[in-house]
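Enquirer: The structure follows.
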Amino acid sequence: MVCREADLAEPLAFRIVRVGSQEIVVLRDETGSLRAFHNTCRHRGSELCQESEGRLKARLLTCPYHAWSYSLRGDLVRVPSKSLPEGFDKADYPLYRVALSLWRGFVFINLAEDPDGSAEASFDSASGDLSNWPLETLLSGHRLSKVMNCNWKIFWENFNECLHCPGVHKDLSRLVPIYGRGLMARHDDPEWAHHADNDAPEFSGGLRAGAETWSRDGRVHGPVFAGLTGAERAAGQTYATSLPSMFIVGHVDYVRTVRLSALGSEQTELTAEWLFAPDALAQTDIDNIVAFGTQVLEEDAAICEINQKGLHSICHKGGVLMPEEYDLRRFHEWVQGRHATFKATSAGSAR
């Protein structure tokens, strides 16, 4: 996930996104279509756009080095050289296109040469159902950007377990009592059958008694989404995950998104947004909501950086997973599967 459609609402709007070492320009062309290209000129590889976001001054992307110009569809339309090599055809030198897919107001890209599936298909099959949240129409009320000094996989490992919650997230553990037991769900407890009929939140999940959402005091601070079921309201949070770039959380009065972008082997950029219904923005105590979510993210970032530092040990070759870390194991299997696919594809290309 790279942005919201609303971030590129007007024709000629653009922004640059990084995926590892790759810079991608995502733009809305003059017809209103969204497109994505590598931020690289086909002449000798110069960077095309230097600003991180804005609005293009013309319906062209022009290289600052030798002034090759491209339409917003990516076609090479102008080469200022007075003579051209024999057989040169501008049609053979379009911008390097990047696959782009939309999902409910979010923009996704895929750097594979022949990408499979769509943005919707990239979501974890175990993700919660967010169909009752009006994602397409929500507006951003606050954005947080932070560079964490840790590998992106370390953050996802932390996301996929709650053994750390009692010690790292004390306020969150009070809001979600099952987290205070180091568990994420009822069946994580080896003795869950003894409490199968106990609907107290420390056994069943959900928020503490009297709490309604993630905020400083656990209370809603603006209008509640009208279309939610009783179970969705009672849960207090519904997660959906699209590896490796984002997760989204539906609360009763807002939606929170967290996007992750690897900047290097030990740096990851985290961008969080709090989304609200348009008519709720002016009626909501956004600061109360954002303060709590920011605290949790800062706590996660700090402990992930500690984890990264410890991994510098020349003695540490691998760890051991506890039964409660089953989702972490599933994440490891996802990474290994993607790595194996990449190796097989690379070997096939080499042949």
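Simple scheme: letters A, B, ... for chains in structure tokens order, numbers from 1 for residues in each chain, numbers from 1 for ligands in the order shown.
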If we count only C-alpha atoms and set the cut-off at 10 Å, which residues sit around A:Pro11, ignoring sequence neighbours fewer than 3 positions away in its own chain? Please answer as a list in words.
Expert: Leu8, Phe14, Leu27, Arg28, Asp29, Glu30, Thr31, Gly32, Ser33, Leu34, Arg55, Leu56 and Arg59 of chain A
Enquirer: Pick out the residues sitting within 7 Å of stretch 157-160 of chain A, and hand them over as a list in words; count only C-alpha atoms, and ignore anything fewer than 3 positions along from it in its own chain.
Expert: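 Listed by chain and then number, they are Lys153, Ile154, Asp327 and Leu328 of chain A.
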Enquirer: Would you please work out which residue, of A:Ser131, A:Gln50, A:Thr341, A:Ser346, is nearest to A:Tyr239 when using only C-alpha atoms?
Expert: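 Using only C-alpha atoms, A:Tyr239 sits closest to A:Ser131.
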Enquirer: Compile the contact shell of A:Thr271 as an NGL selection string: residues with an atom at most 6 Å away, counting only C-alpha atoms, same-chain residues fewer than 5 positions apart removed.
Expert: :A and (144-145 or 258-259)
Enquirer: Which residue gives the smallest distance to A:Leu138 among A:Ala200, A:Ala272, A:Val176, A:Ala6, with only C-alpha atoms counted?
Expert: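 Looking only at the distances to A:Leu138, the closest residue turns out to be A:Ala6.
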Enquirer: Where does stretch 170-210 of chain A meet stretch 292-295 of chain A within 12 Å, residue by residue, with the nearest atom pair and distance in Å to one decimal for each, counting only C-alpha atoms, listed by chain and rising number, as JSON lines?
Expert:
```
{"residue": "A:Lys170", "atom": "CA", "partner": "A:Gln295", "partner_atom": "CA", "distance": 10.6}
{"residue": "A:Asp171", "atom": "CA", "partner": "A:Phe292", "partner_atom": "CA", "distance": 8.7}
{"residue": "A:Leu172", "atom": "CA", "partner": "A:Phe292", "partner_atom": "CA", "distance": 8.5}
{"residue": "A:Leu175", "atom": "CA", "partner": "A:Phe292", "partner_atom": "CA", "distance": 10.6}
```
Enquirer: Excluding A:Val252 and residues on its chain fewer than 2 positions from it, collect all residues at most 8 Å away from it, counting only C-alpha atoms, and give them as a list in words.
Expert: Glu212, Thr213, Val220, Val224, Phe225, Leu228, Glu232, Arg233, Gly236, Gln237, Gly250 and Tyr254 of chain A
Enquirer: Using all heavy atoms, can you write the selected residues to a file as an mmCIF file, in the first residue's frame?
Expert:
```cif
data_model
loop_
_atom_site.group_PDB
_atom_site.id
_atom_site.type_symbol
_atom_site.label_atom_id
_atom_site.label_comp_id
_atom_site.auth_asym_id
_atom_site.auth_seq_id
_atom_site.Cartn_x
_atom_site.Cartn_y
_atom_site.Cartn_z
ATOM 1 N N GLU A 212 -15.122 1.393 24.809
ATOM 2 C CA GLU A 212 -15.779 1.295 23.508
ATOM 3 C C GLU A 212 -14.815 1.327 22.333
ATOM 4 O O GLU A 212 -15.131 0.848 21.245
ATOM 5 C CB GLU A 212 -16.771 2.445 23.344
ATOM 6 C CG GLU A 212 -17.828 2.526 24.428
ATOM 7 C CD GLU A 212 -18.540 3.862 24.417
ATOM 8 O OE1 GLU A 212 -17.998 4.832 24.991
ATOM 9 O OE2 GLU A 212 -19.634 3.928 23.816
ATOM 10 N N THR A 213 -13.623 1.918 22.539
ATOM 11 C CA THR A 213 -12.701 2.109 21.424
ATOM 12 C C THR A 213 -11.297 2.312 21.964
ATOM 13 O O THR A 213 -11.087 2.367 23.187
ATOM 14 C CB THR A 213 -13.135 3.332 20.579
ATOM 15 O OG1 THR A 213 -12.406 3.335 19.348
ATOM 16 C CG2 THR A 213 -12.876 4.637 21.315
ATOM 17 N N VAL A 220 -15.611 6.577 23.178
ATOM 18 C CA VAL A 220 -15.684 7.194 21.861
ATOM 19 C C VAL A 220 -15.698 8.706 22.040
ATOM 20 O O VAL A 220 -16.193 9.228 23.041
ATOM 21 C CB VAL A 220 -16.927 6.731 21.074
ATOM 22 C CG1 VAL A 220 -16.875 5.242 20.818
ATOM 23 C CG2 VAL A 220 -18.207 7.106 21.798
ATOM 24 N N VAL A 224 -20.314 7.283 16.008
ATOM 25 C CA VAL A 224 -20.002 5.864 15.796
ATOM 26 C C VAL A 224 -20.513 5.448 14.417
ATOM 27 O O VAL A 224 -21.578 5.904 13.973
ATOM 28 C CB VAL A 224 -20.657 5.008 16.900
ATOM 29 C CG1 VAL A 224 -20.532 3.528 16.595
ATOM 30 C CG2 VAL A 224 -20.031 5.331 18.252
ATOM 31 N N PHE A 225 -19.762 4.596 13.719
ATOM 32 C CA PHE A 225 -20.197 4.100 12.412
ATOM 33 C C PHE A 225 -21.530 3.361 12.562
ATOM 34 O O PHE A 225 -21.680 2.493 13.428
ATOM 35 C CB PHE A 225 -19.155 3.170 11.810
ATOM 36 C CG PHE A 225 -17.856 3.852 11.465
ATOM 37 C CD1 PHE A 225 -16.663 3.451 12.047
ATOM 38 C CD2 PHE A 225 -17.827 4.899 10.561
ATOM 39 C CE1 PHE A 225 -15.464 4.073 11.743
ATOM 40 C CE2 PHE A 225 -16.627 5.535 10.239
ATOM 41 C CZ PHE A 225 -15.445 5.122 10.836
ATOM 42 N N LEU A 228 -22.154 -1.039 11.767
ATOM 43 C CA LEU A 228 -21.447 -2.124 12.437
ATOM 44 C C LEU A 228 -22.413 -3.062 13.150
ATOM 45 O O LEU A 228 -23.458 -2.643 13.663
ATOM 46 C CB LEU A 228 -20.439 -1.562 13.449
ATOM 47 C CG LEU A 228 -19.409 -0.571 12.915
ATOM 48 C CD1 LEU A 228 -18.422 -0.187 14.014
ATOM 49 C CD2 LEU A 228 -18.671 -1.134 11.705
ATOM 50 N N GLU A 232 -19.128 -6.586 16.153
ATOM 51 C CA GLU A 232 -18.037 -5.692 15.773
ATOM 52 C C GLU A 232 -17.873 -4.565 16.785
ATOM 53 O O GLU A 232 -16.759 -4.155 17.105
ATOM 54 C CB GLU A 232 -18.300 -5.130 14.374
ATOM 55 C CG GLU A 232 -18.098 -6.178 13.276
ATOM 56 C CD GLU A 232 -18.646 -5.750 11.925
ATOM 57 O OE1 GLU A 232 -19.512 -4.841 11.887
ATOM 58 O OE2 GLU A 232 -18.233 -6.325 10.905
ATOM 59 N N ARG A 233 -18.981 -4.062 17.313
ATOM 60 C CA ARG A 233 -18.896 -3.024 18.344
ATOM 61 C C ARG A 233 -18.279 -3.589 19.622
ATOM 62 O O ARG A 233 -17.455 -2.953 20.266
ATOM 63 C CB ARG A 233 -20.280 -2.460 18.641
ATOM 64 C CG ARG A 233 -20.871 -1.619 17.518
ATOM 65 C CD ARG A 233 -22.308 -1.223 17.866
ATOM 66 N NE ARG A 233 -22.918 -0.486 16.771
ATOM 67 C CZ ARG A 233 -23.325 0.777 16.846
ATOM 68 N NH1 ARG A 233 -23.179 1.447 17.972
ATOM 69 N NH2 ARG A 233 -23.879 1.381 15.813
ATOM 70 N N GLY A 236 -14.305 -4.118 19.635
ATOM 71 C CA GLY A 236 -13.490 -2.932 19.868
ATOM 72 C C GLY A 236 -12.404 -2.710 18.840
ATOM 73 O O GLY A 236 -11.920 -1.599 18.675
ATOM 74 N N GLN A 237 -11.979 -3.769 18.136
ATOM 75 C CA GLN A 237 -10.965 -3.646 17.092
ATOM 76 C C GLN A 237 -11.071 -4.835 16.139
ATOM 77 O O GLN A 237 -11.271 -5.963 16.585
ATOM 78 C CB GLN A 237 -9.550 -3.583 17.675
ATOM 79 C CG GLN A 237 -9.038 -4.847 18.356
ATOM 80 C CD GLN A 237 -9.214 -4.816 19.860
ATOM 81 O OE1 GLN A 237 -9.008 -3.789 20.473
ATOM 82 N NE2 GLN A 237 -9.569 -5.940 20.445
ATOM 83 N N GLY A 250 -10.231 -1.519 12.171
ATOM 84 C CA GLY A 250 -11.516 -0.865 12.272
ATOM 85 C C GLY A 250 -11.936 -0.738 13.727
ATOM 86 O O GLY A 250 -12.056 -1.741 14.433
ATOM 87 N N TYR A 254 -13.591 5.215 14.250
ATOM 88 C CA TYR A 254 -12.556 5.614 13.294
ATOM 89 C C TYR A 254 -11.840 4.365 12.791
ATOM 90 O O TYR A 254 -12.045 3.259 13.294
ATOM 91 C CB TYR A 254 -11.551 6.588 13.927
ATOM 92 C CG TYR A 254 -10.688 5.991 15.017
ATOM 93 C CD1 TYR A 254 -9.408 5.514 14.742
ATOM 94 C CD2 TYR A 254 -11.150 5.903 16.330
ATOM 95 C CE1 TYR A 254 -8.611 4.968 15.731
ATOM 96 C CE2 TYR A 254 -10.367 5.347 17.330
ATOM 97 C CZ TYR A 254 -9.102 4.885 17.029
ATOM 98 O OH TYR A 254 -8.312 4.333 18.019
#
```
Enquirer: Taking only C-alpha atoms into account, name the residue in A:Ser52, A:Ser215, A:Ser46, A:Gln336 that is nearest to A:Ile16.
Expert: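 Checking each of A:Ser52, A:Ser215, A:Ser46, A:Gln336 against A:Ile16, counting only C-alpha atoms, the winner is A:Ser52.
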Enquirer: Please, which residues of stretch 216-300 of chain A, numbered as in this document, come out helix (DSSP H, G or I) from DSSP, as a list in words?
Expert: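 Assigned to helix (DSSP H, G or I), within stretch 216-300 of chain A: Gly230, Ala231, Glu232, Arg233, Ala234, Ala235, Pro278, Asp279, Ala280, Leu281, Ala282, Gln283, Ile286, Asp287, Asn288, Ile289, Val290, Ala291, Phe292, Gly293, Thr294, Gln295, Val296, Leu297, Glu298, Glu299 and Asp300 of chain A.
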Enquirer: Save out the residues we just selected, N, CA, C and O atoms, as a JSON list (two decimals), in the first residue's frame.
Expert:
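result.json written:
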```
[["chain", "number", "residue", "atom", "x", "y", "z"],
["A", 230, "GLY", "N", -23.39, -5.82, 16.23],
["A", 230, "GLY", "CA", -23.16, -5.83, 17.67],
["A", 230, "GLY", "C", -21.85, -6.49, 18.03],
["A", 230, "GLY", "O", -21.14, -6.03, 18.94],
["A", 231, "ALA", "N", -21.48, -7.55, 17.31],
["A", 231, "ALA", "CA", -20.22, -8.24, 17.58],
["A", 231, "ALA", "C", -19.03, -7.35, 17.24],
["A", 231, "ALA", "O", -18.02, -7.34, 17.95],
["A", 232, "GLU", "N", -19.13, -6.59, 16.15],
["A", 232, "GLU", "CA", -18.04, -5.69, 15.77],
["A", 232, "GLU", "C", -17.87, -4.56, 16.79],
["A", 232, "GLU", "O", -16.76, -4.15, 17.11],
["A", 233, "ARG", "N", -18.98, -4.06, 17.31],
["A", 233, "ARG", "CA", -18.90, -3.02, 18.34],
["A", 233, "ARG", "C", -18.28, -3.59, 19.62],
["A", 233, "ARG", "O", -17.45, -2.95, 20.27],
["A", 234, "ALA", "N", -18.69, -4.80, 19.97],
["A", 234, "ALA", "CA", -18.20, -5.41, 21.21],
["A", 234, "ALA", "C", -16.71, -5.74, 21.13],
["A", 234, "ALA", "O", -16.00, -5.65, 22.13],
["A", 235, "ALA", "N", -16.24, -6.12, 19.94],
["A", 235, "ALA", "CA", -14.83, -6.50, 19.80],
["A", 235, "ALA", "C", -13.90, -5.31, 20.04],
["A", 235, "ALA", "O", -12.80, -5.47, 20.58],
["A", 278, "PRO", "N", -16.34, 11.98, 6.99],
["A", 278, "PRO", "CA", -16.20, 13.42, 6.74],
["A", 278, "PRO", "C", -16.96, 14.29, 7.73],
["A", 278, "PRO", "O", -16.43, 15.30, 8.21],
["A", 279, "ASP", "N", -18.19, 13.90, 8.09],
["A", 279, "ASP", "CA", -18.98, 14.73, 9.00],
["A", 279, "ASP", "C", -18.58, 14.54, 10.46],
["A", 279, "ASP", "O", -19.08, 15.24, 11.35],
["A", 280, "ALA", "N", -17.65, 13.60, 10.72],
["A", 280, "ALA", "CA", -17.22, 13.36, 12.09],
["A", 280, "ALA", "C", -15.97, 14.16, 12.47],
["A", 280, "ALA", "O", -15.68, 14.32, 13.66],
["A", 281, "LEU", "N", -15.24, 14.65, 11.48],
["A", 281, "LEU", "CA", -13.96, 15.31, 11.76],
["A", 281, "LEU", "C", -14.12, 16.46, 12.75],
["A", 281, "LEU", "O", -13.36, 16.60, 13.70],
["A", 282, "ALA", "N", -15.11, 17.29, 12.51],
["A", 282, "ALA", "CA", -15.29, 18.48, 13.36],
["A", 282, "ALA", "C", -15.94, 18.14, 14.70],
["A", 282, "ALA", "O", -15.90, 18.95, 15.63],
["A", 283, "GLN", "N", -16.50, 16.93, 14.83],
["A", 283, "GLN", "CA", -17.21, 16.56, 16.04],
["A", 283, "GLN", "C", -16.40, 15.64, 16.96],
["A", 283, "GLN", "O", -16.88, 15.24, 18.01],
["A", 286, "ILE", "N", -10.06, 14.32, 18.27],
["A", 286, "ILE", "CA", -9.05, 13.51, 17.58],
["A", 286, "ILE", "C", -7.81, 13.36, 18.43],
["A", 286, "ILE", "O", -7.18, 12.30, 18.45],
["A", 287, "ASP", "N", -7.43, 14.40, 19.17],
["A", 287, "ASP", "CA", -6.21, 14.35, 19.98],
["A", 287, "ASP", "C", -6.24, 13.21, 20.98],
["A", 287, "ASP", "O", -5.23, 12.54, 21.21],
["A", 288, "ASN", "N", -7.39, 12.98, 21.61],
["A", 288, "ASN", "CA", -7.52, 11.91, 22.60],
["A", 288, "ASN", "C", -7.28, 10.55, 21.97],
["A", 288, "ASN", "O", -6.58, 9.69, 22.52],
["A", 289, "ILE", "N", -7.83, 10.37, 20.77],
["A", 289, "ILE", "CA", -7.70, 9.11, 20.05],
["A", 289, "ILE", "C", -6.26, 8.91, 19.57],
["A", 289, "ILE", "O", -5.66, 7.84, 19.76],
["A", 290, "VAL", "N", -5.71, 9.95, 18.94],
["A", 290, "VAL", "CA", -4.38, 9.85, 18.35],
["A", 290, "VAL", "C", -3.32, 9.64, 19.43],
["A", 290, "VAL", "O", -2.36, 8.88, 19.23],
["A", 291, "ALA", "N", -3.47, 10.28, 20.58],
["A", 291, "ALA", "CA", -2.47, 10.16, 21.65],
["A", 291, "ALA", "C", -2.30, 8.71, 22.08],
["A", 291, "ALA", "O", -1.17, 8.24, 22.30],
["A", 292, "PHE", "N", -3.42, 7.98, 22.20],
["A", 292, "PHE", "CA", -3.32, 6.59, 22.63],
["A", 292, "PHE", "C", -2.68, 5.72, 21.55],
["A", 292, "PHE", "O", -1.76, 4.94, 21.83],
["A", 293, "GLY", "N", -3.13, 5.86, 20.31],
["A", 293, "GLY", "CA", -2.56, 5.05, 19.23],
["A", 293, "GLY", "C", -1.09, 5.34, 19.02],
["A", 293, "GLY", "O", -0.29, 4.42, 18.76],
["A", 294, "THR", "N", -0.70, 6.61, 19.15],
["A", 294, "THR", "CA", 0.70, 6.98, 19.00],
["A", 294, "THR", "C", 1.54, 6.36, 20.10],
["A", 294, "THR", "O", 2.66, 5.87, 19.85],
["A", 295, "GLN", "N", 1.03, 6.36, 21.32],
["A", 295, "GLN", "CA", 1.76, 5.76, 22.43],
["A", 295, "GLN", "C", 2.06, 4.28, 22.15],
["A", 295, "GLN", "O", 3.19, 3.82, 22.35],
["A", 296, "VAL", "N", 1.06, 3.56, 21.67],
["A", 296, "VAL", "CA", 1.25, 2.13, 21.39],
["A", 296, "VAL", "C", 2.29, 1.93, 20.29],
["A", 296, "VAL", "O", 3.18, 1.07, 20.40],
["A", 297, "LEU", "N", 2.22, 2.73, 19.23],
["A", 297, "LEU", "CA", 3.19, 2.61, 18.14],
["A", 297, "LEU", "C", 4.60, 2.97, 18.58],
["A", 297, "LEU", "O", 5.57, 2.32, 18.17],
["A", 298, "GLU", "N", 4.73, 4.00, 19.41],
["A", 298, "GLU", "CA", 6.06, 4.38, 19.93],
["A", 298, "GLU", "C", 6.63, 3.28, 20.79],
["A", 298, "GLU", "O", 7.84, 3.00, 20.76],
["A", 299, "GLU", "N", 5.79, 2.63, 21.58],
["A", 299, "GLU", "CA", 6.25, 1.52, 22.42],
["A", 299, "GLU", "C", 6.70, 0.36, 21.55],
["A", 299, "GLU", "O", 7.75, -0.27, 21.81],
["A", 300, "ASP", "N", 5.95, 0.06, 20.49],
["A", 300, "ASP", "CA", 6.35, -1.01, 19.57],
["A", 300, "ASP", "C", 7.66, -0.67, 18.88],
["A", 300, "ASP", "O", 8.55, -1.53, 18.75]]
```
Enquirer: Quick one: residues within 12 Å of A:Ser261, only C-alpha atoms counted, chain neighbours fewer than 2 positions away excluded, as number ranges by chain?
Expert: A: 1-3, 17-23, 145-148, 150-153, 155-156, 243-246, 258-259, 263-272
